[in-house]
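J.: My questions all concern the structure below.
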Amino acid sequence: MNELSHKMKTELLRLGADIVEFGDLGELPADVRDGLPFGISVAVVYPPEVIRGIAELPTQEYRLWYDRLNERLDMIVTRGAELLRDKGYKAIAQTRECVGSGESNDNTTLPHKTIATRSGIGWIGKCALLVTDEYGSAIRLSSILTDVPLPIAQPINMSRCGDCMVCADNCPGHAISGKAWEVGLYRDEFFDPIKCRKTARCRAKQGFGGNITICGKCIEVCPYTRRYLNPKAGQKSVTSREIMNDH
């Protein structure tokens, strides 16, 4: 790792990121990446008890953390892009203002999870969310586009979900077909975003009276997420109170 990439990762982690990795975007069309060849993928993690709390329905606490983590990500990637521009490089922070809030049915031109797979953070699950080995899908993502030469990670091109159908079997909206993702597979070929959105809005209304597209059931049931929620005996789990005190 060169000095600048080390400084970038250290600074983004200091600002509150839980995962920071670098990826080569050169195989993607130039217009979707603004002509910039590299991506920095940034993830922040939900506290375990927040995800445990949505086993039945989404909660107000989940919604608050959803907003809080999105705000933290916007701050982190904005600062990261500023740092790179100060060094004379091009950099675009993929904030919500830039790529949208996710409250429409439109696809994002370059989803954060695409940059995350190019950066080796995880793969696209059958539920169309990014899945990581360490945290499952209990994360929020953002990214930075840049032209700075970075020590890139090995990309992930295939699903690691195998025959698991837990998210599909537990999806309240029956939006998950169970087909496994691989690079080049269009989201709507294995996942129905309209069914998901409609059901999520109904569940948010039931859960806490929210008028928002938020559910989280597929996150909560994923075996990879469950491994994060139930660490081995003696391993300490961080709490939301501790996170709020730290940041």
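Labels used: A, B, ... for chains in the order of the structure tokens, numbers from 1 for residues in each chain, and numbers from 1 for ligands as shown.
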At most 10 Å is the cut-off: for each residue in segment 132-177 of chain A with any atom that close to an atom of segment 123-127 of chain A, write down the nearest atom pair and the distance in Å rounded to one decimal, counting only C-alpha atoms, chain first then increasing number, as a Markdown table.

T.:
| residue | atom | partner | partner_atom | distance |
| --- | --- | --- | --- | --- |
| A:Thr132 | CA | A:Trp123 | CA | 6.8 |
| A:Asp133 | CA | A:Trp123 | CA | 9.2 |
| A:Gly136 | CA | A:Gly125 | CA | 9.5 |
| A:Ser137 | CA | A:Gly125 | CA | 8.6 |
| A:Pro155 | CA | A:Trp123 | CA | 9.2 |
| A:Ile156 | CA | A:Trp123 | CA | 6.2 |
| A:Asn157 | CA | A:Trp123 | CA | 7.3 |
| A:Met158 | CA | A:Trp123 | CA | 6.8 |
| A:Ser159 | CA | A:Trp123 | CA | 5.6 |
| A:Arg160 | CA | A:Trp123 | CA | 7.0 |
| A:Cys161 | CA | A:Gly125 | CA | 6.6 |
| A:Gly162 | CA | A:Lys126 | CA | 9.8 |
| A:Cys164 | CA | A:Lys126 | CA | 9.0 |
| A:Met165 | CA | A:Lys126 | CA | 8.1 |
| A:Val166 | CA | A:Lys126 | CA | 9.5 |
| A:Cys167 | CA | A:Cys127 | CA | 6.5 |
| A:Ala168 | CA | A:Cys127 | CA | 7.1 |
| A:Cys171 | CA | A:Cys127 | CA | 8.6 |
| A:Ala175 | CA | A:Cys127 | CA | 7.9 |
| A:Ile176 | CA | A:Cys127 | CA | 5.7 |
| A:Ser177 | CA | A:Lys126 | CA | 7.5 |

J.: List every residue of segment 180-239 of chain A that DSSP, applied to the backbone, labels as helix (DSSP H, G or I), and write the result as JSON, numbers by chain.

T.: {"A": [187, 188, 189, 193, 194, 195, 196, 197, 198, 199, 200, 201, 202, 203, 204, 205, 206, 207, 208, 217, 218, 219, 220, 221, 223, 224, 225, 226, 227, 228, 229]}

J.: Once you have the residues from the selection above, write them out as a PDB file, in the first residue's frame, restricted to C-alpha atoms.

T.:
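Output contents, as saved in out11.pdb:
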ATOM      1  CA  ARG A 187     -30.910  -6.886 -11.101  1.00  0.00           C
ATOM      2  CA  ASP A 188     -34.440  -7.308 -12.438  1.00  0.00           C
ATOM      3  CA  GLU A 189     -33.519 -10.767 -13.764  1.00  0.00           C
ATOM      4  CA  PRO A 193     -37.831  -4.110  -6.936  1.00  0.00           C
ATOM      5  CA  ILE A 194     -41.487  -3.084  -7.322  1.00  0.00           C
ATOM      6  CA  LYS A 195     -42.751  -5.912  -5.094  1.00  0.00           C
ATOM      7  CA  CYS A 196     -39.990  -5.139  -2.611  1.00  0.00           C
ATOM      8  CA  ARG A 197     -40.751  -1.414  -2.495  1.00  0.00           C
ATOM      9  CA  LYS A 198     -44.502  -1.887  -2.141  1.00  0.00           C
ATOM     10  CA  THR A 199     -44.128  -4.398   0.686  1.00  0.00           C
ATOM     11  CA  ALA A 200     -41.438  -2.374   2.452  1.00  0.00           C
ATOM     12  CA  ARG A 201     -43.647   0.704   2.588  1.00  0.00           C
ATOM     13  CA  CYS A 202     -46.511  -1.333   4.048  1.00  0.00           C
ATOM     14  CA  ARG A 203     -44.227  -2.907   6.654  1.00  0.00           C
ATOM     15  CA  ALA A 204     -42.752   0.454   7.652  1.00  0.00           C
ATOM     16  CA  LYS A 205     -46.274   1.760   8.150  1.00  0.00           C
ATOM     17  CA  GLN A 206     -47.177  -1.262  10.275  1.00  0.00           C
ATOM     18  CA  GLY A 207     -43.952  -1.189  12.240  1.00  0.00           C
ATOM     19  CA  PHE A 208     -43.667   2.450  13.268  1.00  0.00           C
ATOM     20  CA  LYS A 217     -36.093  -8.617   6.695  1.00  0.00           C
ATOM     21  CA  CYS A 218     -33.639 -10.059   4.170  1.00  0.00           C
ATOM     22  CA  ILE A 219     -30.795  -8.417   6.089  1.00  0.00           C
ATOM     23  CA  GLU A 220     -31.900  -9.835   9.418  1.00  0.00           C
ATOM     24  CA  VAL A 221     -32.338 -13.449   8.242  1.00  0.00           C
ATOM     25  CA  PRO A 223     -26.860 -16.418   7.628  1.00  0.00           C
ATOM     26  CA  TYR A 224     -23.873 -14.112   7.149  1.00  0.00           C
ATOM     27  CA  THR A 225     -25.670 -11.358   9.059  1.00  0.00           C
ATOM     28  CA  ARG A 226     -26.658 -13.854  11.760  1.00  0.00           C
ATOM     29  CA  ARG A 227     -23.012 -14.744  12.243  1.00  0.00           C
ATOM     30  CA  TYR A 228     -22.296 -11.059  12.902  1.00  0.00           C
ATOM     31  CA  LEU A 229     -25.293 -10.741  15.234  1.00  0.00           C
TER      32      LEU A 229
END

J.: Apply DSSP to the structure's backbone, then extract all residues of segment 101-161 of chain A labelled strand (DSSP E or B) and return them as a ChimeraX atom specification.

T.: /A:123-124,130-132,136,139-146,158

J.: What gap, in Å, lies between atom CA of Thr213 of chain A and atom CA of Glu134 of chain A?

T.: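 Going from atom CA of Thr213 of chain A over to atom CA of Glu134 of chain A covers 25.7 Å.
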
J.: Write out as a tab-separated table a residue-level contact list of segment 125-186 of chain A versus segment 16-36 of chain A with cut-off 9 Å: for each qualifying residue the closest pair of atoms and the distance in Å to one decimal, counting only C-alpha atoms, rows sorted by chain and residue number upward.

T.:
residue	atom	partner	partner_atom	distance
A:Leu145	CA	A:Leu36	CA	6.1
A:Thr146	CA	A:Leu36	CA	5.4
A:Asp147	CA	A:Leu36	CA	5.2
A:Val148	CA	A:Leu36	CA	8.9
A:Leu150	CA	A:Phe22	CA	6.5
A:Pro151	CA	A:Phe22	CA	6.7
A:Ile152	CA	A:Gly23	CA	4.8
A:Ala153	CA	A:Gly23	CA	5.7
A:Gln154	CA	A:Gly23	CA	7.7
A:Pro155	CA	A:Gly23	CA	7.2

J.: Next, dump the selected residues to file, keeping only C-alpha atoms, as a PDB file, in the first residue's frame.

T.:
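New file result_35.pdb:
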ATOM      1  CA  LEU A 145     -14.735   7.905  -7.928  1.00  0.00           C
ATOM      2  CA  THR A 146     -11.173   9.005  -8.604  1.00  0.00           C
ATOM      3  CA  ASP A 147      -8.174   8.900 -10.940  1.00  0.00           C
ATOM      4  CA  VAL A 148      -5.577   8.334  -8.211  1.00  0.00           C
ATOM      5  CA  LEU A 150      -4.639   2.809  -5.915  1.00  0.00           C
ATOM      6  CA  PRO A 151      -3.584  -0.673  -4.760  1.00  0.00           C
ATOM      7  CA  ILE A 152      -6.745  -2.385  -5.947  1.00  0.00           C
ATOM      8  CA  ALA A 153      -8.377  -5.410  -4.353  1.00  0.00           C
ATOM      9  CA  GLN A 154      -9.331  -8.627  -6.122  1.00  0.00           C
ATOM     10  CA  PRO A 155     -12.880  -8.126  -7.452  1.00  0.00           C
TER      11      PRO A 155
END

J.: So which one's closest to Met75 of chain A, A:Leu110, A:Ile144, A:Ala180, A:Ala116? Using only C-alpha atoms, please.

T.: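 Checking each candidate against Met75 of chain A, we get A:Ile144 as the closest.
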
J.: Just want the 9 Å neighbourhood of Lys113 of chain A, counted on only C-alpha atoms, with same-chain residues fewer than 3 positions away dropped. Output as an mmCIF file with N, CA and C atoms, in the first residue's frame.

T.:
data_model
loop_
_atom_site.group_PDB
_atom_site.id
_atom_site.type_symbol
_atom_site.label_atom_id
_atom_site.label_comp_id
_atom_site.auth_asym_id
_atom_site.auth_seq_id
_atom_site.Cartn_x
_atom_site.Cartn_y
_atom_site.Cartn_z
ATOM 1 N N SER A 41 -14.584 2.153 -2.118
ATOM 2 C CA SER A 41 -15.830 1.686 -1.518
ATOM 3 C C SER A 41 -15.746 1.854 -0.010
ATOM 4 N N LEU A 110 -24.472 4.021 -11.428
ATOM 5 C CA LEU A 110 -23.376 3.224 -10.906
ATOM 6 C C LEU A 110 -23.628 2.975 -9.424
ATOM 7 N N ALA A 116 -18.442 -1.786 -4.703
ATOM 8 C CA ALA A 116 -18.044 -2.668 -3.607
ATOM 9 C C ALA A 116 -17.599 -4.038 -4.114
ATOM 10 N N THR A 117 -18.273 -4.586 -5.112
ATOM 11 C CA THR A 117 -17.843 -5.882 -5.659
ATOM 12 C C THR A 117 -16.511 -5.738 -6.381
ATOM 13 N N ARG A 118 -16.307 -4.612 -7.069
ATOM 14 C CA ARG A 118 -15.023 -4.362 -7.739
ATOM 15 C C ARG A 118 -13.906 -4.180 -6.721
ATOM 16 N N ILE A 121 -15.195 -6.176 -1.486
ATOM 17 C CA ILE A 121 -15.842 -6.125 -0.174
ATOM 18 C C ILE A 121 -16.856 -7.247 -0.003
ATOM 19 N N GLY A 122 -17.564 -7.567 -1.080
ATOM 20 C CA GLY A 122 -18.595 -8.588 -0.987
ATOM 21 C C GLY A 122 -19.197 -8.884 -2.341
ATOM 22 N N TRP A 123 -20.308 -9.583 -2.342
ATOM 23 C CA TRP A 123 -21.006 -9.972 -3.562
ATOM 24 C C TRP A 123 -22.473 -9.575 -3.441
ATOM 25 N N ILE A 124 -23.179 -9.618 -4.552
ATOM 26 C CA ILE A 124 -24.600 -9.290 -4.554
ATOM 27 C C ILE A 124 -25.384 -10.543 -4.174
ATOM 28 N N LEU A 129 -28.947 -7.122 -2.346
ATOM 29 C CA LEU A 129 -28.105 -6.311 -1.476
ATOM 30 C C LEU A 129 -26.695 -6.881 -1.464
ATOM 31 N N LEU A 130 -25.727 -6.031 -1.119
ATOM 32 C CA LEU A 130 -24.373 -6.527 -0.959
ATOM 33 C C LEU A 130 -24.305 -7.412 0.291
ATOM 34 N N LEU A 141 -23.667 1.592 2.349
ATOM 35 C CA LEU A 141 -22.540 1.792 1.443
ATOM 36 C C LEU A 141 -22.517 3.186 0.842
ATOM 37 N N SER A 142 -21.315 3.642 0.523
ATOM 38 C CA SER A 142 -21.132 4.806 -0.330
ATOM 39 C C SER A 142 -19.821 4.604 -1.083
ATOM 40 N N SER A 143 -19.412 5.612 -1.860
ATOM 41 C CA SER A 143 -18.217 5.419 -2.679
ATOM 42 C C SER A 143 -17.674 6.753 -3.187
#

J.: Counting only C-alpha atoms, what is within 8 Å of Ile76 of chain A, bar same-chain residues fewer than 2 positions away, as a list in words?

T.: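 After dropping sequence-adjacent residues, the list is Leu12, Leu15, Gly16, Ala17, Arg72, Leu73, Asp74, Thr78, Arg79 and Gly80 of chain A.
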
J.: Calculated over only C-alpha atoms, which of the candidates A:Met8, A:Lys232, A:Gly210, A:Tyr135 has the smallest distance to Arg85 of chain A?

T.: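 Answer, going by the shortest atom-to-atom distance: A:Met8.
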
J.: Rounded to one decimal place, report the atom CA of Phe191 of chain A-atom CA of Ile92 of chain A distance in Å.

T.: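 Answer for the atom CA of Phe191 of chain A to atom CA of Ile92 of chain A separation: 29.2 Å.
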